[in-house]
There are 4 protein chains.
Amino acid sequence: MTGVLSEISAGMRQCIDECLDCHATCEATFTYCMAREGTHADRTRMLILLDCAEICSTSAGFLLRGSERHHQTCETCANVCQQCADWCERLALDPVMKQCAATCRQCAKSCEEMVKH
Amino acid sequence: MTGVLSEISAGMRQCIDECLDCHATCEATFTYCMAREGTHADRTRMLILLDCAEICSTSAGFLLRGSERHHQTCETCANVCQQCADWCERLALDPVMKQCAATCRQCAKSCEEMVKH
Amino acid sequence: MTGVLSEISAGMRQCIDECLDCHATCEATFTYCMAREGTHADRTRMLILLDCAEICSTSAGFLLRGSERHHQTCETCANVCQQCADWCERLALDPVMKQCAATCRQCAKSCEEMVKH
Amino acid sequence: MTGVLSEISAGMRQCIDECLDCHATCEATFTYCMAREGTHADRTRMLILLDCAEICSTSAGFLLRGSERHHQTCETCANVCQQCADWCERLALDPVMKQCAATCRQCAKSCEEMVKH
């Protein structure tokens, strides 16, 4: 994170970082699940990873534009992240899924902080 | 709209169409505003057009994936669309802005319908 | 398509429409494939539908901003659309896949036209 | 970067990181420019920041899906990043613009490496 981003408040910058990290993690975890069989094949539910990736990117976008409407997108993002973490945790014997759940919880927490302020 | 999209329920398909139309309209209206002076130069507020374009695209994405979480994104989308329409209407002597406001209202209405069901 | 979009040249507007239609069709076709077994389970290759959906959205974005760089994104979009159509055609006994292929070819053709001009 | 992302090759992971960083930097720099007068008001050209932000996000998406088509999006991304850096450098007395240019050059270099391999 560089230059102009250092002008943004620390709390907001952290939330942007975590949204972008969660976006990337969910996209990569989705690809990982696609290449596997068994429980991972619970495919319709697996789409939650794409939901989470997309709303995280949108949430980061609202924050990066300094939008006063970021409370609304952060709130929706926090909800979707929590649901995505719940789903990943059911597969938490796999360390990849466990880590994805942790990333989603972290992002949800950051977004919830933004909603409060 | 073709093939697989005809399998989606009529109400949902209409909402997808209107989200994608509102996305495109807000992006193009933003470009239009950027090329103009005067009241349009109310630039920080103008970013609402980018907010609206982004959440409309996300809302369409949730619907296209058949996500059960589309209620949340439709609700946020409806709110942002209404605010964007409010802003455009202040410049409604310009027919481009007036039309953008109408497109946003229409999309908001469609999203509100999705939230109810 | 409304207001400001009617100010954009007919060729460009048609390309925007076809990119957005192809984006939506590929997203919905991906969801459709996810819910099915058999050949559709050729999952790693199936990700081409997400590639195509994403580059179509980006290509539409460059056109909606009136970017002089739209030639580059249209060229990449045309290539990905052709590859996506090739893949869908191998499953063309299924009318949904056949229609998706046709939508991709149409979008590719439109993008190729933009590259020439 | 966590879990599943550590499974991706180091070169590819670096490129993903730099695409996401460049995406965020260009979005935030765009917002910064919107709030300023003078040369920054060279608005039509300023849209290059949105072009760059969007193609960086798309390029990261192709890499995160492990798409064999990432060469095409990386090549387009490298080109747009170089053009965006050229534009930012004309305003390089402003440290924010200078840093944005450096971020774009770095991302372009990473994408060019991906094209070679």
# chains A, B, ... in the order shown; residues from 1 in each chain; ligands from 1
call {"tool": "residues_around", "arguments": {"residues": "Ala35 of chain B", "least_positions_apart": "5", "cutoff": "12 Å", "atoms": "only C-alpha atoms", "output": "MDAnalysis selection string"}}
result
(chainID B and resid 28:30 40:41 43) or (chainID C and resid 65:66) or (chainID D and resid 41:47)
call {"tool": "write_last_selection", "arguments": {"atoms": "N, CA, C and O atoms", "output": "compact mmCIF listing (two decimals), in the first residue's frame"}}
result
# COMPACT_ATOMS: atom_id res chain seq x y z
N ALA B 28 -21.79 5.30 -18.15
CA ALA B 28 -21.77 6.23 -19.28
C ALA B 28 -22.11 7.65 -18.84
O ALA B 28 -21.55 8.63 -19.35
N THR B 29 -23.02 7.78 -17.88
CA THR B 29 -23.39 9.11 -17.38
C THR B 29 -22.21 9.73 -16.63
O THR B 29 -21.97 10.94 -16.71
N PHE B 30 -21.45 8.89 -15.93
CA PHE B 30 -20.25 9.38 -15.26
C PHE B 30 -19.27 9.97 -16.29
O PHE B 30 -18.75 11.07 -16.11
N HIS B 40 -22.04 19.99 -13.00
CA HIS B 40 -21.54 18.63 -13.12
C HIS B 40 -20.19 18.46 -12.42
O HIS B 40 -19.77 17.36 -12.14
N ALA B 41 -19.52 19.58 -12.23
CA ALA B 41 -18.18 19.52 -11.64
C ALA B 41 -18.24 19.23 -10.14
O ALA B 41 -17.22 19.14 -9.48
N ARG B 43 -17.76 17.24 -8.15
CA ARG B 43 -17.14 15.96 -8.46
C ARG B 43 -17.20 14.92 -7.36
O ARG B 43 -17.41 13.74 -7.62
N ARG C 65 -16.50 4.07 -20.91
CA ARG C 65 -15.69 5.25 -20.57
C ARG C 65 -15.18 5.97 -21.82
O ARG C 65 -14.49 6.98 -21.71
N GLY C 66 -15.50 5.43 -23.00
CA GLY C 66 -14.99 6.03 -24.23
C GLY C 66 -13.48 5.96 -24.31
O GLY C 66 -12.84 6.80 -24.96
N ALA D 41 -7.50 18.36 -13.42
CA ALA D 41 -8.82 18.47 -14.03
C ALA D 41 -8.81 18.00 -15.48
O ALA D 41 -9.84 18.02 -16.14
N ASP D 42 -7.69 17.58 -15.95
CA ASP D 42 -7.57 16.99 -17.29
C ASP D 42 -8.36 15.69 -17.26
O ASP D 42 -7.84 14.59 -17.26
N ARG D 43 -9.68 15.91 -17.19
CA ARG D 43 -10.51 14.80 -16.74
C ARG D 43 -10.66 13.62 -17.68
O ARG D 43 -10.68 12.48 -17.25
N THR D 44 -10.79 13.94 -18.95
CA THR D 44 -10.99 12.81 -19.86
C THR D 44 -9.78 11.87 -19.79
O THR D 44 -9.93 10.65 -19.74
N ARG D 45 -8.59 12.46 -19.71
CA ARG D 45 -7.39 11.63 -19.61
C ARG D 45 -7.32 10.89 -18.28
O ARG D 45 -6.74 9.81 -18.20
N MET D 46 -7.91 11.52 -17.27
CA MET D 46 -7.90 10.93 -15.92
C MET D 46 -8.59 9.57 -15.87
O MET D 46 -8.32 8.76 -14.99
N LEU D 47 -9.48 9.36 -16.82
CA LEU D 47 -10.19 8.08 -16.87
C LEU D 47 -9.23 6.91 -17.07
O LEU D 47 -9.59 5.76 -16.84
call {"tool": "interface_residues", "arguments": {"of": "chain A", "to": "chain D", "cutoff": "10 Å", "atoms": "only C-alpha atoms", "output": "MDAnalysis selection string"}}
result
chainID A and resid 1:8 16:18 20:32 34 57 60:67 95:100 102:103
call {"tool": "select_by_dssp", "arguments": {"residues": "segment 3-52 of chain A", "states": "alpha helix (DSSP H)", "output": "ChimeraX atom specification"}}
result
/A:10-34,43-46,48-52
call {"tool": "residues_around", "arguments": {"residues": "Arg105 of chain B", "least_positions_apart": "3", "cutoff": "8 Å", "atoms": "only C-alpha atoms", "output": "mmCIF file with all heavy atoms, in the first residue's frame"}}
result
data_model
loop_
_atom_site.group_PDB
_atom_site.id
_atom_site.type_symbol
_atom_site.label_atom_id
_atom_site.label_comp_id
_atom_site.auth_asym_id
_atom_site.auth_seq_id
_atom_site.Cartn_x
_atom_site.Cartn_y
_atom_site.Cartn_z
ATOM 1 N N CYS B 81 -29.221 3.077 -5.447
ATOM 2 C CA CYS B 81 -29.919 3.570 -6.649
ATOM 3 C C CYS B 81 -30.822 4.757 -6.318
ATOM 4 O O CYS B 81 -30.874 5.737 -7.069
ATOM 5 C CB CYS B 81 -30.758 2.460 -7.273
ATOM 6 S SG CYS B 81 -29.813 1.260 -8.229
ATOM 7 N N GLN B 82 -31.545 4.673 -5.204
ATOM 8 C CA GLN B 82 -32.433 5.792 -4.827
ATOM 9 C C GLN B 82 -31.613 7.061 -4.552
ATOM 10 O O GLN B 82 -32.002 8.162 -4.964
ATOM 11 C CB GLN B 82 -33.275 5.443 -3.575
ATOM 12 C CG GLN B 82 -34.253 4.274 -3.754
ATOM 13 C CD GLN B 82 -35.475 4.572 -4.638
ATOM 14 O OE1 GLN B 82 -35.485 5.524 -5.414
ATOM 15 N NE2 GLN B 82 -36.485 3.713 -4.532
ATOM 16 N N ALA B 85 -30.374 8.429 -7.839
ATOM 17 C CA ALA B 85 -31.481 9.101 -8.539
ATOM 18 C C ALA B 85 -31.737 10.477 -7.937
ATOM 19 O O ALA B 85 -31.939 11.460 -8.665
ATOM 20 C CB ALA B 85 -32.741 8.238 -8.465
ATOM 21 N N ALA B 101 -31.631 9.270 -13.785
ATOM 22 C CA ALA B 101 -32.451 9.177 -12.563
ATOM 23 C C ALA B 101 -33.590 8.168 -12.743
ATOM 24 O O ALA B 101 -33.849 7.342 -11.855
ATOM 25 C CB ALA B 101 -33.015 10.558 -12.215
ATOM 26 N N ALA B 102 -34.247 8.225 -13.891
ATOM 27 C CA ALA B 102 -35.368 7.313 -14.146
ATOM 28 C C ALA B 102 -34.893 5.859 -14.168
ATOM 29 O O ALA B 102 -35.565 4.968 -13.628
ATOM 30 C CB ALA B 102 -36.051 7.673 -15.464
ATOM 31 N N ALA B 108 -34.102 0.418 -8.705
ATOM 32 C CA ALA B 108 -34.396 0.364 -7.271
ATOM 33 C C ALA B 108 -35.717 -0.366 -7.022
ATOM 34 O O ALA B 108 -35.818 -1.214 -6.128
ATOM 35 C CB ALA B 108 -34.453 1.788 -6.703
ATOM 36 N N LYS B 109 -36.713 -0.037 -7.839
ATOM 37 C CA LYS B 109 -38.033 -0.655 -7.689
ATOM 38 C C LYS B 109 -37.951 -2.171 -7.893
ATOM 39 O O LYS B 109 -38.517 -2.951 -7.113
ATOM 40 C CB LYS B 109 -38.997 -0.026 -8.708
ATOM 41 C CG LYS B 109 -40.464 -0.223 -8.393
ATOM 42 C CD LYS B 109 -41.341 0.495 -9.436
ATOM 43 C CE LYS B 109 -42.626 -0.274 -9.681
ATOM 44 N NZ LYS B 109 -43.294 0.165 -10.917
#
call {"tool": "residues_around", "arguments": {"residues": "Asn79 of chain C", "least_positions_apart": "4", "cutoff": "12 Å", "atoms": "only C-alpha atoms", "output": "list in words"}}
result
Ile48, Asp51, Cys52, Ile55, Cys56, Ser59, Gln72, Thr73, Cys74, Glu75, Gln83, Cys84, Ala85, Asp86, Cys104, Arg105, Cys107, Ala108, Lys109, Ser110, Cys111, Glu112 and Val115 of chain C; Arg69, His70, His71, Gln72 and Thr73 of chain D
call {"tool": "write_last_selection", "arguments": {"atoms": "N, CA and C atoms", "output": "mmCIF file, in the first residue's frame"}}
result
data_model
loop_
_atom_site.group_PDB
_atom_site.id
_atom_site.type_symbol
_atom_site.label_atom_id
_atom_site.label_comp_id
_atom_site.auth_asym_id
_atom_site.auth_seq_id
_atom_site.Cartn_x
_atom_site.Cartn_y
_atom_site.Cartn_z
ATOM 1 N N ILE C 48 -13.355 -21.275 -17.825
ATOM 2 C CA ILE C 48 -13.308 -20.378 -18.984
ATOM 3 C C ILE C 48 -14.559 -19.501 -19.037
ATOM 4 N N ASP C 51 -13.718 -16.615 -16.903
ATOM 5 C CA ASP C 51 -12.785 -15.748 -17.646
ATOM 6 C C ASP C 51 -13.561 -14.876 -18.633
ATOM 7 N N CYS C 52 -14.445 -15.538 -19.373
ATOM 8 C CA CYS C 52 -15.180 -14.831 -20.432
ATOM 9 C C CYS C 52 -16.109 -13.776 -19.826
ATOM 10 N N ILE C 55 -13.833 -10.747 -18.653
ATOM 11 C CA ILE C 55 -13.246 -9.891 -19.694
ATOM 12 C C ILE C 55 -14.339 -9.151 -20.472
ATOM 13 N N CYS C 56 -15.533 -9.752 -20.603
ATOM 14 C CA CYS C 56 -16.644 -9.049 -21.262
ATOM 15 C C CYS C 56 -17.053 -7.813 -20.466
ATOM 16 N N SER C 59 -14.337 -5.233 -20.946
ATOM 17 C CA SER C 59 -14.414 -4.668 -22.295
ATOM 18 C C SER C 59 -15.555 -3.646 -22.377
ATOM 19 N N GLN C 72 -7.483 -2.603 -27.215
ATOM 20 C CA GLN C 72 -6.727 -3.675 -26.562
ATOM 21 C C GLN C 72 -7.649 -4.623 -25.797
ATOM 22 N N THR C 73 -8.611 -4.051 -25.060
ATOM 23 C CA THR C 73 -9.501 -4.926 -24.298
ATOM 24 C C THR C 73 -10.462 -5.669 -25.234
ATOM 25 N N CYS C 74 -10.898 -5.004 -26.322
ATOM 26 C CA CYS C 74 -11.782 -5.687 -27.279
ATOM 27 C C CYS C 74 -11.035 -6.858 -27.934
ATOM 28 N N GLU C 75 -9.772 -6.677 -28.224
ATOM 29 C CA GLU C 75 -9.013 -7.759 -28.871
ATOM 30 C C GLU C 75 -8.888 -8.958 -27.919
ATOM 31 N N GLN C 83 -12.489 -18.725 -27.609
ATOM 32 C CA GLN C 83 -12.082 -19.943 -26.899
ATOM 33 C C GLN C 83 -13.226 -20.492 -26.046
ATOM 34 N N CYS C 84 -13.988 -19.600 -25.456
ATOM 35 C CA CYS C 84 -15.121 -20.022 -24.636
ATOM 36 C C CYS C 84 -16.183 -20.687 -25.528
ATOM 37 N N ALA C 85 -16.421 -20.100 -26.692
ATOM 38 C CA ALA C 85 -17.378 -20.685 -27.653
ATOM 39 C C ALA C 85 -16.904 -22.074 -28.089
ATOM 40 N N ASP C 86 -15.607 -22.224 -28.359
ATOM 41 C CA ASP C 86 -15.059 -23.543 -28.739
ATOM 42 C C ASP C 86 -15.385 -24.578 -27.664
ATOM 43 N N CYS C 104 -21.288 -16.011 -27.365
ATOM 44 C CA CYS C 104 -19.854 -15.711 -27.339
ATOM 45 C C CYS C 104 -19.332 -15.369 -28.733
ATOM 46 N N ARG C 105 -19.752 -16.135 -29.754
ATOM 47 C CA ARG C 105 -19.304 -15.849 -31.134
ATOM 48 C C ARG C 105 -19.762 -14.456 -31.552
ATOM 49 N N CYS C 107 -20.458 -11.885 -29.646
ATOM 50 C CA CYS C 107 -19.691 -10.867 -28.925
ATOM 51 C C CYS C 107 -18.284 -10.748 -29.515
ATOM 52 N N ALA C 108 -17.678 -11.886 -29.823
ATOM 53 C CA ALA C 108 -16.332 -11.878 -30.426
ATOM 54 C C ALA C 108 -16.340 -11.083 -31.733
ATOM 55 N N LYS C 109 -17.369 -11.326 -32.534
ATOM 56 C CA LYS C 109 -17.472 -10.651 -33.841
ATOM 57 C C LYS C 109 -17.578 -9.134 -33.652
ATOM 58 N N SER C 110 -18.411 -8.739 -32.715
ATOM 59 C CA SER C 110 -18.591 -7.314 -32.418
ATOM 60 C C SER C 110 -17.283 -6.680 -31.935
ATOM 61 N N CYS C 111 -16.584 -7.378 -31.072
ATOM 62 C CA CYS C 111 -15.315 -6.861 -30.561
ATOM 63 C C CYS C 111 -14.276 -6.781 -31.670
ATOM 64 N N GLU C 112 -14.270 -7.770 -32.553
ATOM 65 C CA GLU C 112 -13.330 -7.743 -33.679
ATOM 66 C C GLU C 112 -13.608 -6.534 -34.575
ATOM 67 N N VAL C 115 -12.027 -3.511 -33.049
ATOM 68 C CA VAL C 115 -10.564 -3.501 -33.193
ATOM 69 C C VAL C 115 -10.184 -2.927 -34.542
ATOM 70 N N ARG D 69 -5.232 -18.556 -19.945
ATOM 71 C CA ARG D 69 -5.388 -17.342 -20.746
ATOM 72 C C ARG D 69 -4.829 -16.103 -20.045
ATOM 73 N N HIS D 70 -4.143 -16.296 -18.922
ATOM 74 C CA HIS D 70 -3.636 -15.116 -18.200
ATOM 75 C C HIS D 70 -2.575 -14.362 -18.993
ATOM 76 N N HIS D 71 -1.953 -15.038 -19.971
ATOM 77 C CA HIS D 71 -0.950 -14.323 -20.786
ATOM 78 C C HIS D 71 -1.583 -13.141 -21.511
ATOM 79 N N GLN D 72 -2.800 -13.379 -22.008
ATOM 80 C CA GLN D 72 -3.460 -12.322 -22.776
ATOM 81 C C GLN D 72 -3.853 -11.145 -21.883
ATOM 82 N N THR D 73 -4.414 -11.462 -20.713
ATOM 83 C CA THR D 73 -4.834 -10.357 -19.841
ATOM 84 C C THR D 73 -3.609 -9.657 -19.232
#
